[in-house]
file input-v8.cif (mmCIF, C-alpha atoms)
data_final
#
loop_
_atom_site.label_atom_id
_atom_site.label_comp_id
_atom_site.auth_asym_id
_atom_site.auth_seq_id
_atom_site.Cartn_x
_atom_site.Cartn_y
_atom_site.Cartn_z
CA MET J 1 -5.37 -65.86 -28.33
CA PRO J 2 -2.21 -63.96 -27.36
CA ARG J 3 -2.59 -60.25 -27.14
CA ASP J 4 -0.01 -57.64 -28.07
CA GLU J 5 0.65 -54.37 -26.37
CA ILE J 6 0.01 -51.48 -28.68
CA PRO J 7 3.17 -49.87 -30.07
CA PRO J 8 4.19 -46.84 -28.03
CA GLY J 9 2.89 -43.53 -29.27
CA THR J 10 -0.02 -44.97 -31.18
CA LEU J 11 -2.64 -44.79 -28.44
CA HIS J 12 -3.66 -41.28 -29.45
CA LEU J 13 -3.99 -42.36 -33.03
CA LEU J 14 -6.19 -45.32 -32.09
CA ILE J 15 -8.44 -43.19 -29.91
CA LEU J 16 -8.74 -40.45 -32.53
CA LYS J 17 -9.55 -42.95 -35.24
CA THR J 18 -12.10 -44.74 -33.09
CA LEU J 19 -13.88 -41.50 -32.25
CA ALA J 20 -13.77 -40.41 -35.89
CA ARG J 21 -15.48 -43.62 -36.94
CA ARG J 22 -17.96 -44.04 -34.12
CA GLY J 23 -18.81 -40.48 -33.09
CA GLU J 24 -19.52 -40.04 -29.38
CA LEU J 25 -18.20 -42.73 -27.03
CA HIS J 26 -17.36 -43.16 -23.38
CA GLY J 27 -14.06 -44.57 -22.19
CA TYR J 28 -15.13 -48.16 -21.87
CA GLU J 29 -16.62 -48.15 -25.36
CA ILE J 30 -13.39 -46.73 -26.76
CA ALA J 31 -11.35 -49.51 -25.16
CA ARG J 32 -13.79 -52.16 -26.35
CA THR J 33 -13.93 -50.77 -29.87
CA ILE J 34 -10.16 -50.72 -30.23
CA GLN J 35 -9.96 -54.27 -29.01
CA GLN J 36 -12.76 -55.51 -31.27
CA ASN J 37 -11.62 -53.68 -34.37
CA SER J 38 -8.17 -55.18 -33.98
CA GLU J 39 -9.87 -58.61 -33.75
CA ASP J 40 -8.71 -58.90 -30.17
CA VAL J 41 -5.02 -58.61 -31.03
CA LEU J 42 -4.42 -55.15 -29.62
CA GLN J 43 -4.54 -54.86 -25.89
CA VAL J 44 -4.83 -51.35 -24.56
CA GLU J 45 -3.65 -51.15 -20.99
CA GLU J 46 -7.11 -49.98 -20.24
CA GLY J 47 -6.31 -47.61 -17.44
CA SER J 48 -3.87 -45.67 -19.57
CA LEU J 49 -6.78 -44.72 -21.77
CA TYR J 50 -7.96 -42.17 -19.23
CA PRO J 51 -4.76 -40.17 -18.83
CA ALA J 52 -4.49 -40.24 -22.62
CA LEU J 53 -8.01 -38.85 -22.92
CA GLN J 54 -7.15 -36.13 -20.43
CA ARG J 55 -4.10 -35.18 -22.46
CA MET J 56 -6.24 -35.02 -25.56
CA LEU J 57 -8.80 -32.85 -23.79
CA LEU J 58 -5.96 -30.57 -22.87
CA LYS J 59 -4.72 -30.39 -26.44
CA GLY J 60 -8.24 -29.59 -27.59
CA TRP J 61 -8.45 -32.67 -29.83
CA VAL J 62 -11.51 -34.02 -28.06
CA LYS J 63 -14.39 -32.53 -26.13
CA ALA J 64 -16.13 -34.28 -23.26
CA HIS J 65 -19.46 -33.98 -21.54
CA TRP J 66 -21.25 -35.97 -18.89
CA GLY J 67 -24.35 -37.80 -20.03
CA THR J 68 -26.25 -40.99 -19.34
CA THR J 69 -25.83 -44.31 -21.09
CA ASN J 70 -28.60 -46.57 -22.41
CA GLU J 71 -28.49 -48.35 -19.07
CA ASN J 72 -29.13 -44.99 -17.44
CA ARG J 73 -25.68 -44.76 -15.99
CA ARG J 74 -23.69 -41.51 -15.65
CA ALA J 75 -20.72 -41.48 -18.04
CA ARG J 76 -18.37 -39.05 -19.70
CA PHE J 77 -18.71 -39.03 -23.48
CA TYR J 78 -15.87 -37.99 -25.74
CA ARG J 79 -16.20 -36.46 -29.19
CA LEU J 80 -13.66 -35.38 -31.81
CA THR J 81 -13.08 -31.65 -32.42
CA PRO J 82 -11.97 -30.15 -35.76
CA ALA J 83 -8.48 -29.86 -34.26
CA GLY J 84 -8.68 -33.55 -33.38
CA ARG J 85 -9.65 -34.42 -36.94
CA LYS J 86 -6.60 -32.56 -38.21
CA GLN J 87 -4.41 -34.32 -35.66
CA LEU J 88 -5.80 -37.66 -36.78
CA GLN J 89 -4.82 -36.99 -40.40
CA LEU J 90 -1.39 -35.92 -39.30
CA GLU J 91 -0.76 -38.93 -37.06
CA GLN J 92 -2.25 -41.34 -39.54
CA SER J 93 -0.07 -40.24 -42.44
CA GLN J 94 2.94 -40.19 -40.12
CA PHE J 95 2.15 -43.70 -38.94
CA GLU J 96 1.66 -45.01 -42.48
CA ARG J 97 4.97 -43.51 -43.54
CA VAL J 98 6.78 -45.24 -40.69
CA VAL J 99 5.04 -48.57 -41.21
CA ASN J 100 5.74 -48.52 -44.96
CA ALA J 101 9.37 -47.75 -44.30
CA ILE J 102 9.68 -50.57 -41.79
CA THR J 103 7.90 -52.96 -44.14
CA ARG J 104 10.28 -52.08 -46.93
CA VAL J 105 13.28 -52.69 -44.71
CA ILE J 106 11.95 -56.02 -43.52
CA GLN J 107 11.01 -57.24 -46.98
CA THR J 108 14.28 -56.41 -48.63
CA ALA J 109 16.12 -58.25 -45.95
CA MET Y 1 4.38 -24.14 -28.22
CA MET Y 2 1.31 -24.09 -26.03
CA SER Y 3 -1.78 -22.46 -27.48
CA LEU Y 4 -3.81 -19.93 -25.53
CA GLY Y 5 -6.74 -22.32 -25.36
CA GLU Y 6 -4.55 -25.06 -23.98
CA PHE Y 7 -3.17 -22.72 -21.36
CA GLY Y 8 -6.72 -21.76 -20.36
CA ARG Y 9 -7.65 -25.43 -20.00
CA ARG Y 10 -4.56 -26.05 -17.87
CA ILE Y 11 -5.57 -23.21 -15.54
CA ALA Y 12 -9.12 -24.52 -15.35
CA MET Y 13 -7.77 -27.93 -14.45
CA LEU Y 14 -5.60 -26.51 -11.70
CA ALA Y 15 -8.52 -24.62 -10.22
CA ARG Y 16 -10.80 -27.66 -10.22
CA ARG Y 17 -8.38 -30.51 -9.97
CA ARG Y 18 -10.28 -32.27 -7.15
CA LYS Y 19 -13.30 -32.41 -9.39
CA PHE Y 20 -11.12 -33.69 -12.22
CA ASP Y 21 -9.68 -36.39 -9.96
CA ARG Y 22 -13.14 -37.41 -8.78
CA GLU Y 23 -14.44 -37.57 -12.32
CA MET Y 24 -11.57 -39.66 -13.57
CA ASP Y 25 -11.90 -41.99 -10.56
CA GLU Y 26 -15.55 -42.39 -11.36
CA GLU Y 27 -14.81 -43.21 -14.99
CA MET Y 28 -12.17 -45.74 -14.02
CA ARG Y 29 -14.32 -47.42 -11.38
CA TRP Y 30 -17.17 -47.82 -13.76
CA HIS Y 31 -14.85 -49.17 -16.42
CA LEU Y 32 -13.67 -51.86 -14.01
CA GLU Y 33 -17.22 -52.76 -13.08
CA LEU Y 34 -18.20 -53.22 -16.70
CA ARG Y 35 -15.19 -55.41 -17.35
CA GLU Y 36 -15.98 -57.59 -14.36
CA LYS Y 37 -19.57 -57.99 -15.50
CA GLU Y 38 -18.40 -58.91 -18.95
CA GLN Y 39 -16.07 -61.54 -17.58
CA ALA Y 40 -18.72 -62.89 -15.25
CA ALA Y 41 -21.11 -63.20 -18.18
CA ASN Y 42 -18.45 -65.34 -19.87
CA GLY Y 43 -18.67 -67.70 -16.93
CA VAL Y 44 -15.59 -66.59 -15.02
CA SER Y 45 -15.88 -66.62 -11.24
CA ALA Y 46 -16.48 -63.24 -9.61
CA LYS Y 47 -13.12 -63.26 -7.85
CA GLU Y 48 -11.22 -64.08 -10.97
CA ALA Y 49 -13.15 -61.53 -12.98
CA HIS Y 50 -12.22 -58.88 -10.45
CA ALA Y 51 -8.53 -59.83 -10.59
CA THR Y 52 -8.43 -59.95 -14.39
CA ALA Y 53 -10.15 -56.63 -14.79
CA ARG Y 54 -7.66 -55.05 -12.41
CA LYS Y 55 -4.72 -56.65 -14.07
CA ASN Y 56 -5.73 -55.41 -17.48
CA PHE Y 57 -6.48 -51.99 -16.16
CA GLY Y 58 -3.13 -51.18 -14.60
CA ASN Y 59 -2.29 -49.21 -11.50
CA ALA Y 60 -5.02 -46.63 -11.01
CA LEU Y 61 -2.97 -44.43 -8.70
CA ALA Y 62 0.01 -44.38 -11.04
CA LEU Y 63 -2.37 -43.59 -13.88
CA ARG Y 64 -3.85 -40.69 -12.01
CA GLU Y 65 -0.36 -39.35 -11.45
CA ALA Y 66 0.42 -39.73 -15.14
CA SER Y 67 -2.71 -37.76 -15.88
CA HIS Y 68 -1.66 -35.03 -13.47
CA ASP Y 69 1.73 -34.88 -15.14
CA SER Y 70 0.08 -34.39 -18.48
CA TRP Y 71 -1.75 -31.34 -17.22
CA GLY Y 72 1.58 -29.73 -16.52
CA TRP Y 73 0.99 -28.81 -12.89
CA ALA Y 74 3.02 -31.62 -11.40
CA TRP Y 75 5.71 -29.15 -10.34
CA LEU Y 76 3.13 -27.11 -8.45
CA GLU Y 77 1.71 -30.14 -6.67
CA HIS Y 78 5.21 -31.31 -5.78
CA LEU Y 79 6.03 -27.86 -4.48
CA ALA Y 80 2.92 -27.93 -2.31
CA GLN Y 81 3.91 -31.37 -1.03
CA ASP Y 82 7.41 -30.14 -0.24
CA LEU Y 83 6.01 -27.12 1.59
CA ARG Y 84 3.67 -29.28 3.64
CA PHE Y 85 6.55 -31.60 4.45
CA ALA Y 86 8.77 -28.66 5.44
CA PHE Y 87 5.98 -27.30 7.63
CA ARG Y 88 5.55 -30.64 9.41
CA MET Y 89 9.28 -30.92 9.99
CA LEU Y 90 9.43 -27.40 11.44
CA ARG Y 91 6.47 -28.23 13.70
CA LYS Y 92 8.34 -31.28 14.94
CA SER Y 93 11.38 -29.26 16.04
CA PRO Y 94 10.11 -25.84 17.15
CA GLY Y 95 13.53 -24.77 18.42
CA PHE Y 96 15.03 -25.14 15.00
CA ALA Y 97 11.97 -23.45 13.49
CA VAL Y 98 12.38 -20.43 15.75
CA VAL Y 99 16.05 -20.12 14.87
CA ALA Y 100 15.30 -20.45 11.17
CA VAL Y 101 12.52 -17.88 11.29
CA LEU Y 102 14.61 -15.46 13.33
CA THR Y 103 17.54 -15.85 10.96
CA LEU Y 104 15.30 -15.09 8.02
CA ALA Y 105 13.60 -12.19 9.77
CA LEU Y 106 16.87 -10.57 10.82
CA GLY Y 107 18.39 -11.16 7.40
CA ILE Y 108 15.46 -9.63 5.58
CA GLY Y 109 15.24 -6.79 8.09
CA ALA Y 110 18.92 -5.94 7.82
CA ASN Y 111 18.76 -6.04 4.05
CA THR Y 112 15.73 -3.79 3.97
CA ALA Y 113 17.32 -1.32 6.36
CA ILE Y 114 20.55 -1.18 4.38
CA PHE Y 115 18.70 -0.84 1.12
CA SER Y 116 16.61 2.00 2.52
CA VAL Y 117 19.73 3.90 3.44
CA VAL Y 118 21.51 3.13 0.18
CA ASN Y 119 18.41 4.06 -1.75
CA ALA Y 120 18.04 7.37 0.05
CA ILE Y 121 21.71 8.34 -0.04
CA LEU Y 122 23.18 6.78 -3.14
CA LEU Y 123 20.40 5.86 -5.51
CA ARG Y 124 17.97 8.73 -5.16
CA PRO Y 125 19.91 11.83 -6.11
CA LEU Y 126 19.23 14.99 -4.13
CA PRO Y 127 16.64 17.04 -5.96
CA ILE Y 128 18.84 20.13 -5.97
CA HIS Y 129 21.01 21.81 -8.52
CA ASP Y 130 24.76 20.98 -8.21
CA PRO Y 131 24.45 19.57 -4.67
CA SER Y 132 28.22 19.37 -4.12
CA ARG Y 133 28.32 23.17 -3.79
CA VAL Y 134 25.64 23.32 -1.11
CA VAL Y 135 26.72 23.18 2.51
CA VAL Y 136 24.85 23.06 5.80
CA ILE Y 137 26.24 25.31 8.50
CA HIS Y 138 26.33 24.25 12.15
CA PHE Y 139 27.87 25.43 15.37
CA ASN Y 140 30.11 23.15 17.36
CA ILE Y 141 30.37 24.26 20.98
CA PRO Y 142 32.56 21.66 22.69
CA LYS Y 143 32.47 23.52 26.03
CA LEU Y 144 28.75 22.92 26.26
CA ASN Y 145 29.08 19.52 24.65
CA LEU Y 146 26.98 20.80 21.78
CA PHE Y 147 27.77 19.68 18.28
CA HIS Y 148 26.03 20.25 14.98
CA THR Y 149 23.65 22.75 16.49
CA SER Y 150 21.35 25.02 14.56
CA VAL Y 151 22.10 28.71 14.11
CA SER Y 152 20.34 31.86 15.28
CA PRO Y 153 19.01 34.65 13.04
CA PRO Y 154 21.79 37.07 14.10
CA ASP Y 155 24.42 34.43 13.26
CA PHE Y 156 22.78 33.89 9.92
CA HIS Y 157 22.93 37.62 9.36
CA ASN Y 158 26.65 37.73 10.18
CA PHE Y 159 27.63 34.63 8.23
CA SER Y 160 25.75 35.84 5.17
CA LYS Y 161 28.10 38.83 5.00
CA HIS Y 162 30.84 36.51 3.72
CA THR Y 163 29.79 37.02 0.16
CA ASN Y 164 33.32 36.26 -0.97
CA VAL Y 165 32.76 32.57 -0.05
CA PHE Y 166 28.95 32.24 -0.19
CA ALA Y 167 27.06 32.90 -3.39
CA SER Y 168 23.86 32.81 -1.40
CA THR Y 169 22.57 31.72 2.01
CA ALA Y 170 19.22 30.66 3.33
CA LEU Y 171 17.62 29.99 6.71
CA PHE Y 172 14.57 27.94 7.59
CA LEU Y 173 12.70 26.30 10.45
CA SER Y 174 9.63 24.12 10.63
CA LYS Y 175 6.53 24.70 12.72
CA GLY Y 176 3.12 23.15 13.09
CA VAL Y 177 0.17 25.12 11.74
CA ASN Y 178 -3.59 24.68 11.60
CA LEU Y 179 -4.77 24.81 8.02
CA THR Y 180 -8.39 25.84 7.53
CA GLY Y 181 -10.33 27.02 4.51
CA ALA Y 182 -9.31 24.05 2.35
CA GLY Y 183 -11.66 21.18 3.08
CA GLN Y 184 -11.26 19.57 6.48
CA PRO Y 185 -9.13 21.56 8.93
CA GLN Y 186 -5.71 19.94 9.22
CA ARG Y 187 -2.72 20.14 11.51
CA LEU Y 188 0.26 20.27 9.17
CA LEU Y 189 3.96 20.88 9.27
CA ALA Y 190 4.97 24.14 7.63
CA MET Y 191 8.42 25.47 6.85
CA ARG Y 192 9.33 29.10 7.35
CA SER Y 193 12.14 29.87 4.96
CA THR Y 194 13.92 32.86 3.52
CA ALA Y 195 13.00 33.66 -0.08
CA THR Y 196 16.57 32.77 -1.03
CA LEU Y 197 16.15 29.06 -0.30
CA PHE Y 198 14.46 28.02 -3.56
CA PRO Y 199 16.90 29.76 -5.96
CA LEU Y 200 19.76 28.48 -3.78
CA LEU Y 201 18.63 24.86 -4.13
CA GLY Y 202 17.55 25.32 -7.74
CA ILE Y 203 13.98 24.29 -6.95
CA ARG Y 204 11.38 25.62 -9.36
CA PRO Y 205 7.67 25.59 -8.53
CA ILE Y 206 5.52 23.33 -10.71
CA LEU Y 207 2.82 25.99 -10.59
CA GLY Y 208 2.90 29.71 -9.78
CA ARG Y 209 6.06 31.16 -8.25
CA THR Y 210 8.14 31.10 -5.07
CA PHE Y 211 8.52 34.04 -2.64
CA THR Y 212 9.70 37.47 -3.72
CA ALA Y 213 12.25 39.33 -1.62
CA SER Y 214 9.61 41.83 -0.51
CA GLU Y 215 7.30 39.03 0.69
CA ASP Y 216 10.17 37.88 2.89
CA THR Y 217 9.86 41.02 5.03
CA TYR Y 218 7.97 41.50 8.27
CA GLY Y 219 4.30 42.39 7.69
CA ASN Y 220 4.22 41.47 4.00
CA SER Y 221 4.58 37.75 4.41
CA HIS Y 222 1.02 36.39 4.16
CA VAL Y 223 1.75 34.19 1.15
CA VAL Y 224 2.09 30.41 1.12
CA LEU Y 225 3.48 27.66 -1.12
CA LEU Y 226 1.89 24.20 -1.18
CA SER Y 227 3.56 20.83 -1.49
CA GLU Y 228 2.48 18.90 -4.55
CA GLY Y 229 0.86 16.29 -2.30
CA LEU Y 230 -1.28 18.84 -0.45
CA TRP Y 231 -2.19 20.56 -3.72
CA LYS Y 232 -3.52 17.25 -5.00
CA SER Y 233 -5.26 16.10 -1.81
CA ALA Y 234 -6.83 19.38 -0.70
CA PHE Y 235 -7.28 21.18 -4.00
CA GLY Y 236 -7.68 18.32 -6.48
CA ALA Y 237 -4.61 19.57 -8.37
CA ALA Y 238 -6.68 22.44 -9.76
CA LYS Y 239 -4.78 25.01 -11.82
CA ASN Y 240 -6.85 27.85 -10.34
CA THR Y 241 -5.54 27.07 -6.85
CA ILE Y 242 -3.06 29.92 -7.30
CA GLY Y 243 -4.51 33.12 -5.86
CA LYS Y 244 -6.88 31.34 -3.46
CA ARG Y 245 -6.68 32.12 0.21
CA VAL Y 246 -6.34 29.73 3.14
CA GLN Y 247 -6.10 30.31 6.89
CA LEU Y 248 -2.97 29.30 8.75
CA ASP Y 249 -3.52 29.58 12.50
CA ASN Y 250 -6.49 31.85 11.71
CA GLU Y 251 -4.50 34.27 9.57
CA SER Y 252 -5.28 34.61 5.89
CA TYR Y 253 -2.56 33.62 3.43
CA GLN Y 254 -2.63 33.76 -0.35
CA ILE Y 255 -1.45 30.70 -2.27
CA VAL Y 256 1.22 31.77 -4.75
CA GLY Y 257 2.83 28.51 -5.85
CA VAL Y 258 3.11 24.71 -5.72
CA LEU Y 259 6.46 23.00 -5.08
CA PRO Y 260 7.47 19.74 -6.79
CA GLU Y 261 7.10 16.37 -5.11
CA LYS Y 262 10.86 15.75 -5.24
CA LEU Y 263 11.37 18.35 -2.51
CA GLN Y 264 9.91 15.71 -0.14
CA ILE Y 265 13.18 13.78 -0.49
CA LEU Y 266 14.95 16.68 1.17
CA TYR Y 267 12.21 17.80 3.55
CA PRO Y 268 9.73 15.01 4.14
CA HIS Y 269 6.44 15.83 5.89
CA ILE Y 270 6.58 19.54 5.03
CA GLN Y 271 3.27 20.45 3.38
CA LEU Y 272 3.34 24.26 3.45
CA TRP Y 273 6.00 26.91 3.01
CA VAL Y 274 5.76 30.48 4.31
CA PRO Y 275 8.33 33.28 4.18
CA MET Y 276 10.80 33.60 7.04
CA ALA Y 277 10.11 37.37 7.32
CA PHE Y 278 12.23 38.07 10.41
CA SER Y 279 10.54 40.29 12.95
CA PRO Y 280 12.53 43.40 13.97
CA HIS Y 281 13.45 41.92 17.34
CA ALA Y 282 14.78 38.71 15.78
CA PHE Y 283 18.17 40.39 15.60
CA SER Y 284 18.04 41.94 19.05
CA ASP Y 285 20.60 40.91 21.63
CA GLN Y 286 18.32 38.64 23.61
CA GLU Y 287 17.64 36.55 20.52
CA GLU Y 288 21.36 36.10 19.95
CA GLY Y 289 21.50 32.68 21.53
CA ASP Y 290 18.33 31.29 19.95
CA LEU Y 291 19.69 28.48 17.84
CA CYS Y 292 16.38 28.07 16.10
CA CYS Y 293 17.16 27.49 12.50
CA MET Y 294 18.86 25.44 9.84
CA MET Y 295 21.23 27.32 7.60
CA VAL Y 296 22.35 26.30 4.14
CA ALA Y 297 24.66 28.13 1.77
CA ARG Y 298 25.85 27.70 -1.78
CA LEU Y 299 29.60 28.14 -2.13
CA ARG Y 300 30.79 30.70 -4.61
CA ALA Y 301 32.30 29.16 -7.76
CA GLY Y 302 35.97 28.26 -7.21
CA VAL Y 303 35.74 28.36 -3.41
CA SER Y 304 36.60 25.04 -1.79
CA LEU Y 305 35.02 23.73 1.36
CA GLN Y 306 38.37 24.14 3.18
CA GLN Y 307 38.60 27.79 2.17
CA ALA Y 308 35.08 28.47 3.36
CA GLN Y 309 35.86 26.64 6.61
CA SER Y 310 38.96 28.72 7.32
CA VAL Y 311 37.09 31.98 6.67
CA MET Y 312 34.40 30.85 9.08
CA ASN Y 313 37.01 29.83 11.67
CA ILE Y 314 38.42 33.36 11.65
CA ASP Y 315 34.89 34.66 12.10
CA ALA Y 316 34.43 32.29 14.99
CA GLY Y 317 37.44 33.74 16.74
CA THR Y 318 35.79 37.13 16.90
CA ASN Y 319 32.40 35.70 17.81
CA GLY Y 320 33.43 33.60 20.74
CA PRO Y 321 31.98 30.10 20.24
CA ALA Y 322 33.94 27.61 18.22
CA LEU Y 323 32.32 27.17 14.93
CA ARG Y 324 32.67 24.85 12.08
CA LEU Y 325 31.21 24.44 8.66
CA LYS Y 326 29.81 21.04 8.33
CA LEU Y 327 28.98 19.62 4.97
CA SER Y 328 26.00 17.35 5.29
CA PRO Y 329 23.54 17.64 2.48
#

call {"tool": "encode", "arguments": {"input": "input-v8.cif", "output": "structure tokens"}}
result
Amino acid sequence: MPRDEIPPGTLHLLILKTLARRGELHGYEIARTIQQNSEDVLQVEEGSLYPALQRMLLKGWVKAHWGTTNENRRARFYRLTPAGRKQLQLEQSQFERVVNAITRVIQTA
Amino acid sequence: MMSLGEFGRRIAMLARRRKFDREMDEEMRWHLELREKEQAANGVSAKEAHATARKNFGNALALREASHDSWGWAWLEHLAQDLRFAFRMLRKSPGFAVVAVLTLALGIGANTAIFSVVNAILLRPLPIHDPSRVVVIHFNIPKLNLFHTSVSPPDFHNFSKHTNVFASTALFLSKGVNLTGAGQPQRLLAMRSTATLFPLLGIRPILGRTFTASEDTYGNSHVVLLSEGLWKSAFGAAKNTIGKRVQLDNESYQIVGVLPEKLQILYPHIQLWVPMAFSPHAFSDQEEGDLCCMMVARLRAGVSLQQAQSVMNIDAGTNGPALRLKLSP
């Protein structure tokens, strides 16, 4: 199955949405979840997830803490903040607006 | 616009960026491991799993840099790198380094020196009233190769008679004194001055008063003025300092006033002021040549420096030594 790079600028949106749906996750789980929920179409360049998470920490959209996984492994877990929830709504409605516009253009053509 | 919280987090990141780097490395390493395991479970060979995981992950070093950029301190890290590089280059060619350092040192030194002078002369105005009317009076005695000398009390007495050119005149000299009776004994620089000096300069005390004419006479002169600095350091800037007594060289003086800090611009290091109070033999013949003192005068309104100079030149003719007014405030 061919995989597509995610459109630029949507990585934050995907991370925010994933955290909103699944609660507390570590980086690997976020990458896996995005991939699975897109039925393996979307390919996050997995490494770029971490700088993106750092940026989001900085913006105050997510909070992180170190904990242990079920396999008793040390991992950093990320969780949405109220500011992150707001950002998610903002980015989601923005994204939908753009997609709808593009769809309209394509269909009329 | 950056929020306050975001700024705080940026600072925190800068302070602990090694920890941040380590933590992100750890996250990334573990991520790769999990991917490899996953691939291996799907029956891919270990080597291939490793390669695939890496390929999908991207360049970890570049990613770390991207992360640093996002924290907004990239410029600081680049600056640090540049400084380290500059330092290594200077170490490699010490001759060039010495020249560069010397150039900087001399440049900074020269600038500081010039600014000090400009600041003192041009930027900080003299703390006296209408300074352009105040002149300093010196002797020039070319025969003895003496220029800009001080004047003696008898000269002061004679020059002060020219009331047609001088509105007022004053004489002063500094001397070291031992101050006791105000905390720790101290060796300080005091100024003996005629009572006329403060009105002449237009200096008002910030507390109390300056000398009266009668205090500026022999035997009545046991009064003292304090600099503002001494008043603060030795008396805690207490208002009731006026009227207290201190000992100068074991003689009791009454404090009558405190002079403003700005007087330090004119007479730095002077902490105490006492009346000149000439002794009777100060004007005797044998004291004639004692060029002990600095003399200042305020020109009468309408009298130019040239006019004052010519009057003094005539005086000099009768007095013997060549004499010149020298304006140097």

call {"tool": "residues_around", "arguments": {"input": "input-v8.cif", "residues": "stretch 126-134 of chain Y", "least_positions_apart": "5", "cutoff": "8 Å", "atoms": "only C-alpha atoms", "output": "PyMOL selection string"}}
result
chain Y and resi 201-203+262-263+265-266+296-300+327+329

call {"tool": "atom_distance", "arguments": {"input": "input-v8.cif", "atom1": "atom CA of J:Lys17", "atom2": "atom CA of J:Gln89"}}
result
9.2 Å

call {"tool": "residues_around", "arguments": {"input": "input-v8.cif", "residues": "stretch 176-179 of chain Y", "least_positions_apart": "4", "cutoff": "10 Å", "atoms": "only C-alpha atoms", "output": "list in words"}}
result
Gly183, Gln184, Pro185, Gln186, Arg187, Leu188, Leu189, Ala190, Met191, Val246, Gln247, Leu248, Asp249, Asn250, Glu251, Ile270 and Leu272 of chain Y

call {"tool": "axis_aligned_box", "arguments": {"input": "input-v8.cif", "around": "stretch 36-50 of chain Y", "padding_each_side": "4 Å", "output": "AutoDock Vina command-line options"}}
result
--center_x -16.2 --center_y -62.6 --center_z -13.9 --size_x 17.9 --size_y 18.1 --size_z 20.0

call {"tool": "atom_distance", "arguments": {"input": "input-v8.cif", "atom1": "atom CA of Y:Ile11", "atom2": "atom CA of J:Leu58"}}
result
10.4 Å

call {"tool": "resolve_selection", "arguments": {"input": "input-v8.cif", "expression": "the PyMOL selection byres ((chain J) within 7 of (chain Y))", "output": "list in words"}}
result
Tyr28, Glu45, Glu46, Gly47, Ser48, Pro51, Gln54, Arg55, Leu58, Lys59, Gly60 and Ala75 of chain J

call {"tool": "atom_distance", "arguments": {"input": "input-v8.cif", "atom1": "atom CA of J:Ala20", "atom2": "atom CA of J:Leu88"}}
result
8.5 Å

call {"tool": "residues_around", "arguments": {"input": "input-v8.cif", "residues": "Y:Val256", "least_positions_apart": "4", "cutoff": "12 Å", "atoms": "only C-alpha atoms", "output": "list in words"}}
result
Pro205, Ile206, Leu207, Gly208, Arg209, Thr210, Phe211, Thr212, Glu215, Ser221, His222, Val223, Val224, Leu225, Leu226, Ser227, Trp231, Lys239, Asn240, Thr241, Ile242, Gly243, Lys244, Arg245, Val246, Leu272, Trp273, Val274 and Pro275 of chain Y

call {"tool": "closest_residue", "arguments": {"input": "input-v8.cif", "among": "Y:Val117, Y:Ala40, Y:Val311, Y:Gln81", "to": "Y:Phe166", "atoms": "all atoms listed in the file"}}
result
Y:Val311

call {"tool": "resolve_selection", "arguments": {"input": "input-v8.cif", "expression": "the PyMOL selection byres ((chain Y and resi 291) around 7)", "output": "list in words"}}
result
Ser150, Val151, Ser152, Gly289, Asp290, Cys292 and Cys293 of chain Y

call {"tool": "resolve_selection", "arguments": {"input": "input-v8.cif", "expression": "the PyMOL selection byres ((chain J and resi 29) around 12)", "output": "mmCIF file with C-alpha atoms, in the coordinates of the input"}}
result
data_model
loop_
_atom_site.group_PDB
_atom_site.id
_atom_site.type_symbol
_atom_site.label_atom_id
_atom_site.label_comp_id
_atom_site.auth_asym_id
_atom_site.auth_seq_id
_atom_site.Cartn_x
_atom_site.Cartn_y
_atom_site.Cartn_z
ATOM 1 C CA ILE J 15 -8.440 -43.190 -29.910
ATOM 2 C CA THR J 18 -12.100 -44.740 -33.090
ATOM 3 C CA LEU J 19 -13.880 -41.500 -32.250
ATOM 4 C CA ARG J 22 -17.960 -44.040 -34.120
ATOM 5 C CA GLY J 23 -18.810 -40.480 -33.090
ATOM 6 C CA GLU J 24 -19.520 -40.040 -29.380
ATOM 7 C CA LEU J 25 -18.200 -42.730 -27.030
ATOM 8 C CA HIS J 26 -17.360 -43.160 -23.380
ATOM 9 C CA GLY J 27 -14.060 -44.570 -22.190
ATOM 10 C CA TYR J 28 -15.130 -48.160 -21.870
ATOM 11 C CA ILE J 30 -13.390 -46.730 -26.760
ATOM 12 C CA ALA J 31 -11.350 -49.510 -25.160
ATOM 13 C CA ARG J 32 -13.790 -52.160 -26.350
ATOM 14 C CA THR J 33 -13.930 -50.770 -29.870
ATOM 15 C CA ILE J 34 -10.160 -50.720 -30.230
ATOM 16 C CA GLN J 35 -9.960 -54.270 -29.010
ATOM 17 C CA GLN J 36 -12.760 -55.510 -31.270
ATOM 18 C CA ASN J 37 -11.620 -53.680 -34.370
ATOM 19 C CA GLU J 46 -7.110 -49.980 -20.240
ATOM 20 C CA LEU J 49 -6.780 -44.720 -21.770
ATOM 21 C CA THR J 69 -25.830 -44.310 -21.090
ATOM 22 C CA ALA J 75 -20.720 -41.480 -18.040
ATOM 23 C CA ARG J 76 -18.370 -39.050 -19.700
ATOM 24 C CA PHE J 77 -18.710 -39.030 -23.480
ATOM 25 C CA TYR J 78 -15.870 -37.990 -25.740
ATOM 26 C CA GLU Y 27 -14.810 -43.210 -14.990
ATOM 27 C CA TRP Y 30 -17.170 -47.820 -13.760
ATOM 28 C CA HIS Y 31 -14.850 -49.170 -16.420
ATOM 29 C CA LEU Y 34 -18.200 -53.220 -16.700
ATOM 30 C CA ARG Y 35 -15.190 -55.410 -17.350
#

call {"tool": "residues_around", "arguments": {"input": "input-v8.cif", "residues": "Y:Ala213", "least_positions_apart": "5", "cutoff": "9 Å", "atoms": "only C-alpha atoms", "output": "ChimeraX atom specification"}}
result
/Y:194-196
